[in-house]
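Source file: protein_26.cif (mmCIF, C-alpha atoms)
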```cif
data_final
#
loop_
_atom_site.label_atom_id
_atom_site.label_comp_id
_atom_site.auth_asym_id
_atom_site.auth_seq_id
_atom_site.Cartn_x
_atom_site.Cartn_y
_atom_site.Cartn_z
CA MET A 273 105.73 70.97 101.15
CA ILE A 274 102.13 71.86 100.36
CA ILE A 275 101.50 74.52 97.73
CA LEU A 276 98.31 76.47 97.18
CA GLY A 277 98.10 77.99 93.71
CA ILE A 278 95.45 80.63 93.03
CA ASP A 279 94.21 82.25 89.83
CA PRO A 280 92.21 85.11 91.36
CA GLY A 281 89.16 86.52 89.62
CA LEU A 282 86.12 88.42 90.89
CA ALA A 283 83.76 86.21 88.86
CA ILE A 284 85.61 82.86 89.15
CA THR A 285 88.74 82.11 91.17
CA GLY A 286 90.55 78.89 90.32
CA TYR A 287 92.70 77.14 92.89
CA ALA A 288 94.71 73.97 93.43
CA ILE A 289 96.55 72.44 96.36
CA MET A 290 99.44 70.03 95.73
CA LYS A 291 101.69 68.11 98.05
CA LYS A 292 105.26 67.23 97.15
CA GLU A 293 106.89 64.41 99.04
CA LYS A 294 110.15 62.96 97.76
CA GLN A 295 109.55 62.41 94.03
CA LYS A 296 105.77 62.28 94.25
CA THR A 297 103.42 65.18 93.56
CA GLU A 298 99.85 64.66 94.71
CA VAL A 299 96.84 66.90 93.98
CA LEU A 300 95.03 67.33 97.30
CA ASP A 301 92.31 69.68 96.13
CA TYR A 302 91.38 71.80 93.11
CA GLY A 303 88.38 73.67 91.86
CA ALA A 304 86.77 77.06 91.45
CA VAL A 305 85.17 79.58 93.78
CA CYS A 306 82.32 81.16 91.83
CA PHE A 307 80.90 84.46 93.01
CA GLN A 308 77.28 85.35 92.51
CA SER A 309 76.89 88.15 90.02
CA LYS A 310 74.58 89.99 92.43
CA SER A 311 76.96 89.96 95.38
CA SER A 312 78.83 93.12 96.38
CA LEU A 313 82.58 93.60 96.04
CA GLU A 314 82.93 93.57 99.87
CA SER A 315 81.07 90.29 100.16
CA ARG A 316 83.11 88.63 97.38
CA ILE A 317 86.31 89.69 99.12
CA GLY A 318 85.00 88.46 102.47
CA THR A 319 84.11 85.08 100.91
CA PHE A 320 87.50 84.86 99.19
CA TYR A 321 89.30 85.51 102.50
CA ALA A 322 87.19 83.02 104.50
CA THR A 323 87.43 80.29 101.81
CA PHE A 324 91.21 80.39 101.45
CA ARG A 325 91.83 80.90 105.17
CA GLU A 326 89.96 77.65 105.77
CA LYS A 327 91.80 75.82 102.96
CA ILE A 328 95.21 77.01 104.23
CA ILE A 329 94.45 75.76 107.73
CA THR A 330 92.86 72.45 106.66
CA ALA A 331 95.53 71.46 104.13
CA GLN A 332 98.40 72.94 106.22
CA VAL A 333 99.62 74.94 103.24
CA THR A 334 103.32 75.89 103.39
CA ASN A 335 103.68 77.95 100.19
CA ILE A 336 101.52 80.00 97.84
CA ALA A 337 102.01 80.38 94.07
CA LEU A 338 100.41 83.26 92.18
CA GLU A 339 100.43 84.36 88.56
CA THR A 340 101.63 87.95 88.07
CA PRO A 341 98.90 89.74 86.12
CA PHE A 342 99.56 92.28 83.43
CA LEU A 343 97.54 95.36 82.65
CA GLY A 344 94.73 94.59 80.22
CA LYS A 345 92.27 96.89 78.52
CA ASN A 346 90.47 97.95 81.67
CA PRO A 347 92.65 99.52 84.40
CA GLN A 348 89.82 99.42 86.97
CA ASN A 349 89.42 95.63 86.48
CA PHE A 350 93.18 95.29 86.82
CA LEU A 351 93.05 97.29 90.07
CA LYS A 352 90.27 95.04 91.41
CA LEU A 353 92.38 91.95 90.68
CA GLY A 354 94.80 93.60 93.09
CA TYR A 355 92.08 93.53 95.79
CA LEU A 356 92.06 89.71 95.76
CA ARG A 357 95.84 89.51 95.55
CA GLY A 358 96.07 91.76 98.61
CA ILE A 359 93.96 89.21 100.50
CA VAL A 360 96.34 86.43 99.43
CA TYR A 361 99.28 88.46 100.79
CA LEU A 362 97.39 89.08 104.04
CA LEU A 363 96.75 85.34 104.45
CA ALA A 364 100.44 84.65 103.75
CA ASP A 365 101.41 87.11 106.50
CA GLN A 366 98.83 85.77 108.97
CA HIS A 367 99.91 82.15 108.47
CA GLY A 368 103.65 82.66 107.96
CA ILE A 369 103.54 81.35 104.36
CA GLY A 370 105.92 82.36 101.57
CA ILE A 371 104.52 83.64 98.25
CA GLU A 372 106.11 83.04 94.89
CA GLU A 373 104.90 84.89 91.80
CA PHE A 374 105.21 83.62 88.24
CA ALA A 375 104.83 85.59 85.02
CA PRO A 376 102.24 84.11 82.60
CA ARG A 377 105.02 83.51 80.04
CA THR A 378 107.10 81.59 82.58
CA ILE A 379 104.18 79.33 83.43
CA LYS A 380 103.32 78.59 79.79
CA LEU A 381 106.97 77.95 78.98
CA ALA A 382 107.38 75.55 81.93
CA LEU A 383 104.22 73.63 81.08
CA THR A 384 104.16 73.52 77.30
CA GLY A 385 107.66 74.50 76.17
CA SER A 386 106.27 77.70 74.61
CA GLY A 387 105.86 81.05 76.36
CA SER A 388 103.09 82.03 73.97
CA ALA A 389 100.97 78.86 74.35
CA GLN A 390 97.18 79.13 74.50
CA LYS A 391 95.20 78.36 77.66
CA GLU A 392 93.78 75.28 75.92
CA GLN A 393 97.29 73.90 75.38
CA VAL A 394 98.14 74.46 79.07
CA ALA A 395 94.90 72.66 79.98
CA ARG A 396 95.81 69.66 77.79
CA VAL A 397 99.22 69.30 79.47
CA ILE A 398 97.63 69.54 82.93
CA THR A 399 95.06 66.83 82.25
CA ARG A 400 97.79 64.62 80.76
CA LEU A 401 100.05 65.07 83.81
CA PHE A 402 97.31 64.41 86.35
CA LYS A 403 95.32 61.49 84.99
CA GLY A 404 93.18 61.29 88.10
CA ILE A 405 91.59 64.69 87.79
CA GLN A 406 88.47 65.46 85.83
CA THR A 407 88.94 67.89 82.97
CA PRO A 408 88.01 71.19 84.61
CA LYS A 409 85.21 73.13 83.00
CA SER A 410 87.05 76.39 83.29
CA TYR A 411 90.52 77.57 82.32
CA ASP A 412 90.63 79.32 85.69
CA VAL A 413 91.09 75.88 87.25
CA THR A 414 93.70 74.61 84.77
CA ASP A 415 95.56 77.92 85.13
CA ALA A 416 95.54 77.46 88.91
CA LEU A 417 96.82 73.87 88.55
CA ALA A 418 99.55 75.18 86.22
CA VAL A 419 100.78 77.90 88.60
CA THR A 420 100.72 75.44 91.51
CA LEU A 421 102.88 73.05 89.52
CA CYS A 422 105.33 75.88 88.80
CA GLY A 423 105.52 76.44 92.55
CA ILE A 424 106.32 72.75 93.03
CA TRP A 425 108.98 72.73 90.29
CA LYS A 426 110.54 76.00 91.43
CA SER A 427 111.01 74.83 95.00
CA PRO A 428 114.66 74.62 96.05
CA LEU A 429 113.77 71.31 97.76
CA ILE A 430 113.02 69.71 94.40
CA LYS A 431 115.59 68.78 91.78
CA MET B 1088 78.03 108.47 112.08
CA ILE B 1089 81.77 107.89 112.32
CA ILE B 1090 83.75 107.93 109.08
CA LEU B 1091 87.20 106.52 108.48
CA GLY B 1092 88.91 108.01 105.43
CA ILE B 1093 92.02 106.31 104.09
CA ASP B 1094 94.58 107.36 101.49
CA PRO B 1095 96.34 104.01 101.02
CA GLY B 1096 100.01 103.83 100.10
CA LEU B 1097 102.64 101.13 100.56
CA ALA B 1098 105.17 103.70 101.84
CA ILE B 1099 102.81 106.01 103.76
CA THR B 1100 99.09 105.57 104.36
CA GLY B 1101 97.20 108.64 105.55
CA TYR B 1102 94.01 108.27 107.54
CA ALA B 1103 91.43 110.31 109.43
CA ILE B 1104 88.42 109.49 111.58
CA MET B 1105 85.61 112.04 111.91
CA LYS B 1106 82.38 111.99 113.85
CA LYS B 1107 79.28 113.84 112.68
CA GLU B 1108 76.62 114.61 115.24
CA LYS B 1109 73.87 117.05 114.36
CA GLN B 1110 75.68 120.02 112.82
CA LYS B 1111 79.04 119.34 114.42
CA THR B 1112 81.91 117.49 112.75
CA GLU B 1113 84.68 116.42 115.10
CA VAL B 1114 88.07 114.96 114.13
CA LEU B 1115 88.62 111.95 116.42
CA ASP B 1116 91.94 110.79 115.00
CA TYR B 1117 94.22 111.43 112.04
CA GLY B 1118 97.74 110.61 111.03
CA ALA B 1119 99.93 108.38 108.92
CA VAL B 1120 100.99 104.75 109.02
CA CYS B 1121 104.59 104.66 107.78
CA PHE B 1122 106.01 101.36 106.57
CA GLN B 1123 109.68 100.53 106.95
CA SER B 1124 111.41 100.42 103.59
CA LYS B 1125 112.97 97.06 104.50
CA SER B 1126 109.69 95.32 105.34
CA SER B 1127 108.14 92.81 102.94
CA LEU B 1128 104.90 93.35 101.06
CA GLU B 1129 103.20 90.64 103.18
CA SER B 1130 104.25 92.31 106.40
CA ARG B 1131 103.10 95.77 105.24
CA ILE B 1132 99.72 94.33 104.32
CA GLY B 1133 99.52 92.50 107.66
CA THR B 1134 100.32 95.73 109.53
CA PHE B 1135 97.79 97.68 107.45
CA TYR B 1136 95.05 95.15 108.27
CA ALA B 1137 95.85 94.99 111.99
CA THR B 1138 96.14 98.78 112.32
CA PHE B 1139 92.82 99.61 110.68
CA ARG B 1140 90.99 96.67 112.25
CA GLU B 1141 91.94 98.09 115.65
CA LYS B 1142 90.97 101.66 114.67
CA ILE B 1143 87.58 100.50 113.31
CA ILE B 1144 86.80 98.66 116.54
CA THR B 1145 88.10 101.37 118.90
CA ALA B 1146 86.40 104.32 117.18
CA GLN B 1147 83.26 102.30 116.28
CA VAL B 1148 83.54 103.33 112.64
CA THR B 1149 80.26 103.20 110.70
CA ASN B 1150 81.45 104.23 107.21
CA ILE B 1151 84.61 104.22 105.13
CA ALA B 1152 85.58 106.80 102.50
CA LEU B 1153 88.23 106.01 99.86
CA GLU B 1154 89.69 107.92 96.95
CA THR B 1155 89.38 106.08 93.60
CA PRO B 1156 92.88 105.85 92.16
CA PHE B 1157 93.69 106.26 88.50
CA LEU B 1158 96.34 104.44 86.56
CA GLY B 1159 99.67 106.26 86.72
CA LYS B 1160 102.92 105.56 84.93
CA ASN B 1161 103.59 102.25 86.66
CA PRO B 1162 100.87 99.57 86.31
CA GLN B 1163 102.51 97.30 88.91
CA ASN B 1164 102.42 100.10 91.52
CA PHE B 1165 98.80 100.71 90.60
CA LEU B 1166 98.08 96.99 91.10
CA LYS B 1167 99.77 97.05 94.52
CA LEU B 1168 97.58 99.98 95.58
CA GLY B 1169 94.77 97.54 94.90
CA TYR B 1170 96.26 95.16 97.50
CA LEU B 1171 95.66 97.71 100.27
CA ARG B 1172 92.24 98.63 98.92
CA GLY B 1173 91.30 94.95 98.99
CA ILE B 1174 92.13 94.91 102.71
CA VAL B 1175 89.86 97.93 103.24
CA TYR B 1176 87.02 96.08 101.48
CA LEU B 1177 87.67 92.99 103.61
CA LEU B 1178 87.49 95.06 106.81
CA ALA B 1179 84.25 96.65 105.57
CA ASP B 1180 82.78 93.19 105.03
CA GLN B 1181 84.00 91.83 108.38
CA HIS B 1182 82.60 94.78 110.34
CA GLY B 1183 79.45 95.45 108.30
CA ILE B 1184 80.62 98.91 107.22
CA GLY B 1185 79.62 100.67 103.98
CA ILE B 1186 82.32 102.00 101.63
CA GLU B 1187 81.97 105.12 99.54
CA GLU B 1188 84.51 105.94 96.83
CA PHE B 1189 85.29 109.44 95.57
CA ALA B 1190 87.15 110.41 92.41
CA PRO B 1191 90.13 112.74 93.01
CA ARG B 1192 88.41 115.46 90.97
CA THR B 1193 85.24 115.23 93.08
CA ILE B 1194 87.25 115.62 96.29
CA LYS B 1195 89.21 118.62 95.02
CA LEU B 1196 86.07 120.24 93.69
CA ALA B 1197 84.22 119.75 96.99
CA LEU B 1198 87.10 121.11 99.07
CA THR B 1199 88.50 123.95 96.95
CA GLY B 1200 85.88 124.71 94.32
CA SER B 1201 88.24 123.49 91.59
CA GLY B 1202 88.57 119.92 90.31
CA SER B 1203 92.14 120.57 89.22
CA ALA B 1204 93.39 122.03 92.52
CA GLN B 1205 96.87 121.13 93.78
CA LYS B 1206 97.41 119.00 96.89
CA GLU B 1207 98.82 122.07 98.63
CA GLN B 1208 95.56 123.94 98.06
CA VAL B 1209 93.54 121.03 99.49
CA ALA B 1210 95.89 121.01 102.50
CA ARG B 1211 95.32 124.76 103.08
CA VAL B 1212 91.55 124.33 103.08
CA ILE B 1213 91.79 121.39 105.49
CA THR B 1214 93.94 123.26 108.02
CA ARG B 1215 91.61 126.27 107.75
CA LEU B 1216 88.50 124.12 108.39
CA PHE B 1217 89.98 122.25 111.34
CA LYS B 1218 91.78 124.87 113.40
CA GLY B 1219 92.62 122.38 116.14
CA ILE B 1220 94.73 120.08 114.03
CA GLN B 1221 98.44 120.52 113.48
CA THR B 1222 99.47 121.04 109.87
CA PRO B 1223 100.30 117.50 108.76
CA LYS B 1224 103.79 116.93 107.43
CA SER B 1225 102.52 114.83 104.55
CA TYR B 1226 99.88 115.34 101.86
CA ASP B 1227 98.86 111.71 102.51
CA VAL B 1228 97.31 112.95 105.76
CA THR B 1229 95.59 116.03 104.30
CA ASP B 1230 94.33 113.87 101.42
CA ALA B 1231 92.89 111.42 103.96
CA LEU B 1232 91.24 114.28 105.89
CA ALA B 1233 89.80 115.56 102.59
CA VAL B 1234 88.27 112.23 101.55
CA THR B 1235 86.85 111.73 105.06
CA LEU B 1236 85.21 115.13 104.87
CA CYS B 1237 83.68 114.18 101.50
CA GLY B 1238 82.26 111.10 103.20
CA ILE B 1239 80.73 113.34 105.87
CA TRP B 1240 79.28 115.79 103.34
CA LYS B 1241 77.99 113.05 101.05
CA SER B 1242 76.04 111.33 103.80
CA PRO B 1243 72.30 111.35 103.28
CA LEU B 1244 71.95 112.17 106.99
CA ILE B 1245 73.61 115.54 106.46
CA LYS B 1246 72.06 118.52 104.74
#
```
Exercise: express the given structure as structure tokens:
Amino acid sequence: MIILGIDPGLAITGYAIMKKEKQKTEVLDYGAVCFQSKSSLESRIGTFYATFREKIITAQVTNIALETPFLGKNPQNFLKLGYLRGIVYLLADQHGIGIEEFAPRTIKLALTGSGSAQKEQVARVITRLFKGIQTPKSYDVTDALAVTLCGIWKSPLIK
Amino acid sequence: MIILGIDPGLAITGYAIMKKEKQKTEVLDYGAVCFQSKSSLESRIGTFYATFREKIITAQVTNIALETPFLGKNPQNFLKLGYLRGIVYLLADQHGIGIEEFAPRTIKLALTGSGSAQKEQVARVITRLFKGIQTPKSYDVTDALAVTLCGIWKSPLIK
């Protein structure tokens, strides 16, 4: 079971890929895709598609985990988040991969024991759980690691 | 100049393809893509991508026209509209096609002379302008014809 977790954003998209085998969870890859502020919406979406298509094929991803976003102050930004999520669903369809969505509260609760935890607290738990990884510079990466871990824990294969 | 206009929806997506040559505008194709109520979100998105990819290639589409949606009562439905729009942006990037967005008010104003016109009124204008076409059963199709026509009218090539 190899899970790709994505925290989509049109400025920075965080991602992580984890492999679960028996009782061992291994981080295969994690990081951020940063879009140039000058690049068009089309080109960002094209880059997003090409980047994750390649990662899915290379790592032989079997499942995708995504955070369910909630409407913020700007509906048009919220809509554009949907653009990237649509690409994730397209990739899932094209590669026969299941998608699991997690509410932000569920992720925070699973990681920290509190549904209203701050991003910083989630980040601390993540860097404690995975000693090998460098502390990511951006919460987009720790958020992606967190949602990936939820995908691992949620799996019916795992007790 | 060949414009594809799309009115994206996860139940029914209306579309139209028009060709503008000199002073003549010709409707090459129009209709609706209807999704089965049982099919998953992934599969709808996969079908949407494959359908419009094929139409773009076959008709040699040079431009895409889209209506800008506004937040309705259900933010999650609004977000999912974004999924399909993201696919349109991906196709634009993959085929080197420009996208033009039009606000609903702009479309209604251009077609009927009133920004607050009803869908029925837009449909009447459309069927009057294009005598050859059958009256579509769904406003998704007349809305797609309307946004395509806005794309034609907006073009800098056209006086």
Neighbouring residues of Thr399 in chain A were defined as those with any atom within 12 Å, considering all atoms listed in the file; residues of the same chain fewer than 6 positions away were excluded. Please report them as a ChimeraX atom specification. /A:299,383,392-393,405-409,411,413-415,417-418
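Among the candidates B:Gln1205, B:Thr1235, B:Gln1123, B:Ser1130, the residue lying nearest to chain A is B:Ser1130 (atoms considered: all atoms listed in the file).
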Go through B:Lys1109, B:Lys1125, B:Arg1131, B:Arg1192 and flag the residue nearest Cys1237 in chain B, using all atoms listed in the file for the distances.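 For Cys1237 in chain B, the nearest of the given residues is B:Arg1192.
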Can you list what the PyMOL selection byres ((chain A) within 12 of (chain B)) grabs from this structure, as a PyMOL selection string? chain A and resi 282+311-322+340-372
Mind writing the picked residues with C-alpha atoms as a short mmCIF file (atom, residue, chain, number, x, y, z; two decimals), keeping the file's coordinate frame?
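Output file out09.cif follows:
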```
data_model
loop_
_atom_site.label_atom_id
_atom_site.label_comp_id
_atom_site.auth_asym_id
_atom_site.auth_seq_id
_atom_site.Cartn_x
_atom_site.Cartn_y
_atom_site.Cartn_z
CA LEU A 282 86.12 88.42 90.89
CA SER A 311 76.96 89.96 95.38
CA SER A 312 78.83 93.12 96.38
CA LEU A 313 82.58 93.60 96.04
CA GLU A 314 82.93 93.57 99.87
CA SER A 315 81.07 90.29 100.16
CA ARG A 316 83.11 88.63 97.38
CA ILE A 317 86.31 89.69 99.12
CA GLY A 318 85.00 88.46 102.47
CA THR A 319 84.11 85.08 100.91
CA PHE A 320 87.50 84.86 99.19
CA TYR A 321 89.30 85.51 102.50
CA ALA A 322 87.19 83.02 104.50
CA THR A 340 101.63 87.95 88.07
CA PRO A 341 98.90 89.74 86.12
CA PHE A 342 99.56 92.28 83.43
CA LEU A 343 97.54 95.36 82.65
CA GLY A 344 94.73 94.59 80.22
CA LYS A 345 92.27 96.89 78.52
CA ASN A 346 90.47 97.95 81.67
CA PRO A 347 92.65 99.52 84.40
CA GLN A 348 89.82 99.42 86.97
CA ASN A 349 89.42 95.63 86.48
CA PHE A 350 93.18 95.29 86.82
CA LEU A 351 93.05 97.29 90.07
CA LYS A 352 90.27 95.04 91.41
CA LEU A 353 92.38 91.95 90.68
CA GLY A 354 94.80 93.60 93.09
CA TYR A 355 92.08 93.53 95.79
CA LEU A 356 92.06 89.71 95.76
CA ARG A 357 95.84 89.51 95.55
CA GLY A 358 96.07 91.76 98.61
CA ILE A 359 93.96 89.21 100.50
CA VAL A 360 96.34 86.43 99.43
CA TYR A 361 99.28 88.46 100.79
CA LEU A 362 97.39 89.08 104.04
CA LEU A 363 96.75 85.34 104.45
CA ALA A 364 100.44 84.65 103.75
CA ASP A 365 101.41 87.11 106.50
CA GLN A 366 98.83 85.77 108.97
CA HIS A 367 99.91 82.15 108.47
CA GLY A 368 103.65 82.66 107.96
CA ILE A 369 103.54 81.35 104.36
CA GLY A 370 105.92 82.36 101.57
CA ILE A 371 104.52 83.64 98.25
CA GLU A 372 106.11 83.04 94.89
#
```
Spatial neighbours of Thr1112 in chain B, max dist 9 Å, all atoms listed in the file, sep filter under 4 positions, as a list in words: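 Close residues of Thr1112 in chain B: Met1105, Lys1106, Lys1107, Glu1108, Leu1236 and Ile1239 of chain B.
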Minimum-distance residue to Val333 in chain A, chosen among A:Gly277, A:Gly387, A:Pro376, A:Gly303 (using only C-alpha atoms): A:Gly277
Just the number, please: distance in Å from CA of Ile284 in chain A to CA of Leu1153 in chain B, one decimal.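 Distance between the two atoms: 25.6 Å.
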How many Å separate CA of Lys1195 in chain B from CA of Val1209 in chain B?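 Result for CA of Lys1195 in chain B versus CA of Val1209 in chain B: 6.7 Å, one decimal.
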What separation in Å, quoted to one decimal, exists between CA of Arg1211 in chain B and CA of Ser1225 in chain B? 12.4 Å
Find the residue from A:Gly281, A:Gln295, A:Gly423, A:Ile289 that sits nearest to Phe307 in chain A; use only C-alpha atoms when measuring.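 The shortest atom-to-atom distance to Phe307 in chain A comes from A:Gly281.
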Could you expand the PyMOL selection byres ((chain A and resi 328) around 10) into the explicit residues it covers here, written as number ranges by chain? A: 274-276, 289, 323-327, 329-336, 363-364, 367, 369
As a ChimeraX atom specification, please: the residues near Asp1094 in chain B (cut-off 8 Å, only C-alpha atoms, same-chain neighbours under 4 positions excluded). /B:1100-1102,1153-1154,1227-1228,1230-1231,1234
With all atoms listed in the file as the basis for distance, which of B:Ala1103, B:Lys1241, B:Pro1095, B:Glu1113 is at the shortest distance from Phe1217 in chain B?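 Of B:Ala1103, B:Lys1241, B:Pro1095, B:Glu1113, the one nearest Phe1217 in chain B is B:Glu1113, counting all atoms listed in the file.
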Please fill the gaps in range 388-415 of chain A so it has N, CA and C atoms, and write that as an mmCIF file, in the coordinates of the input.
```cif
data_model
loop_
_atom_site.group_PDB
_atom_site.id
_atom_site.type_symbol
_atom_site.label_atom_id
_atom_site.label_comp_id
_atom_site.auth_asym_id
_atom_site.auth_seq_id
_atom_site.Cartn_x
_atom_site.Cartn_y
_atom_site.Cartn_z
ATOM 1 N N SER A 388 104.273 81.395 74.565
ATOM 2 C CA SER A 388 103.090 82.030 73.970
ATOM 3 C C SER A 388 101.967 81.012 73.757
ATOM 4 N N ALA A 389 102.005 79.898 74.495
ATOM 5 C CA ALA A 389 100.970 78.860 74.350
ATOM 6 C C ALA A 389 99.595 79.390 74.737
ATOM 7 N N GLN A 390 98.577 78.790 74.162
ATOM 8 C CA GLN A 390 97.180 79.130 74.500
ATOM 9 C C GLN A 390 96.773 78.422 75.792
ATOM 10 N N LYS A 391 95.715 78.954 76.419
ATOM 11 C CA LYS A 391 95.200 78.360 77.660
ATOM 12 C C LYS A 391 94.786 76.901 77.437
ATOM 13 N N GLU A 392 94.244 76.620 76.265
ATOM 14 C CA GLU A 392 93.780 75.280 75.920
ATOM 15 C C GLU A 392 94.925 74.268 75.945
ATOM 16 N N GLN A 393 96.095 74.742 75.448
ATOM 17 C CA GLN A 393 97.290 73.900 75.380
ATOM 18 C C GLN A 393 97.789 73.599 76.803
ATOM 19 N N VAL A 394 97.757 74.627 77.667
ATOM 20 C CA VAL A 394 98.140 74.460 79.070
ATOM 21 C C VAL A 394 97.198 73.430 79.713
ATOM 22 N N ALA A 395 95.910 73.568 79.419
ATOM 23 C CA ALA A 395 94.900 72.660 79.980
ATOM 24 C C ALA A 395 95.158 71.217 79.566
ATOM 25 N N ARG A 396 95.544 71.021 78.291
ATOM 26 C CA ARG A 396 95.810 69.660 77.790
ATOM 27 C C ARG A 396 96.986 69.023 78.537
ATOM 28 N N VAL A 397 98.036 69.819 78.757
ATOM 29 C CA VAL A 397 99.220 69.300 79.470
ATOM 30 C C VAL A 397 98.831 68.923 80.899
ATOM 31 N N ILE A 398 98.042 69.772 81.536
ATOM 32 C CA ILE A 398 97.630 69.540 82.930
ATOM 33 C C ILE A 398 96.834 68.239 83.050
ATOM 34 N N THR A 399 95.878 68.043 82.146
ATOM 35 C CA THR A 399 95.060 66.830 82.250
ATOM 36 C C THR A 399 95.858 65.576 81.864
ATOM 37 N N ARG A 400 96.923 65.748 81.091
ATOM 38 C CA ARG A 400 97.790 64.620 80.760
ATOM 39 C C ARG A 400 98.662 64.260 81.972
ATOM 40 N N LEU A 401 99.161 65.308 82.655
ATOM 41 C CA LEU A 401 100.050 65.070 83.810
ATOM 42 C C LEU A 401 99.307 64.458 84.984
ATOM 43 N N PHE A 402 98.075 64.912 85.208
ATOM 44 C CA PHE A 402 97.310 64.410 86.350
ATOM 45 C C PHE A 402 96.108 63.628 85.843
ATOM 46 N N LYS A 403 96.347 62.341 85.602
ATOM 47 C CA LYS A 403 95.320 61.490 84.990
ATOM 48 C C LYS A 403 94.073 61.401 85.871
ATOM 49 N N GLY A 404 94.294 61.489 87.175
ATOM 50 C CA GLY A 404 93.180 61.290 88.100
ATOM 51 C C GLY A 404 92.139 62.395 88.070
ATOM 52 N N ILE A 405 92.532 63.578 87.670
ATOM 53 C CA ILE A 405 91.590 64.690 87.790
ATOM 54 C C ILE A 405 90.647 64.776 86.599
ATOM 55 N N GLN A 406 89.444 65.242 86.895
ATOM 56 C CA GLN A 406 88.470 65.460 85.830
ATOM 57 C C GLN A 406 88.889 66.687 85.037
ATOM 58 N N THR A 407 88.618 66.702 83.755
ATOM 59 C CA THR A 407 88.940 67.890 82.970
ATOM 60 C C THR A 407 88.107 69.058 83.500
ATOM 61 N N PRO A 408 88.773 70.081 84.038
ATOM 62 C CA PRO A 408 88.010 71.190 84.610
ATOM 63 C C PRO A 408 87.207 71.912 83.532
ATOM 64 N N LYS A 409 86.078 72.428 83.949
ATOM 65 C CA LYS A 409 85.210 73.130 83.000
ATOM 66 C C LYS A 409 85.766 74.498 82.623
ATOM 67 N N SER A 410 86.599 75.021 83.505
ATOM 68 C CA SER A 410 87.050 76.390 83.290
ATOM 69 C C SER A 410 88.573 76.472 83.254
ATOM 70 N N TYR A 411 89.080 77.354 82.387
ATOM 71 C CA TYR A 411 90.520 77.570 82.320
ATOM 72 C C TYR A 411 91.059 78.181 83.615
ATOM 73 N N ASP A 412 90.174 78.770 84.409
ATOM 74 C CA ASP A 412 90.630 79.320 85.690
ATOM 75 C C ASP A 412 91.201 78.195 86.565
ATOM 76 N N VAL A 413 90.622 77.011 86.444
ATOM 77 C CA VAL A 413 91.090 75.880 87.250
ATOM 78 C C VAL A 413 92.388 75.308 86.676
ATOM 79 N N THR A 414 92.444 75.132 85.345
ATOM 80 C CA THR A 414 93.700 74.610 84.770
ATOM 81 C C THR A 414 94.836 75.619 84.962
ATOM 82 N N ASP A 415 94.535 76.893 84.875
ATOM 83 C CA ASP A 415 95.560 77.920 85.130
ATOM 84 C C ASP A 415 96.059 77.826 86.568
#
```
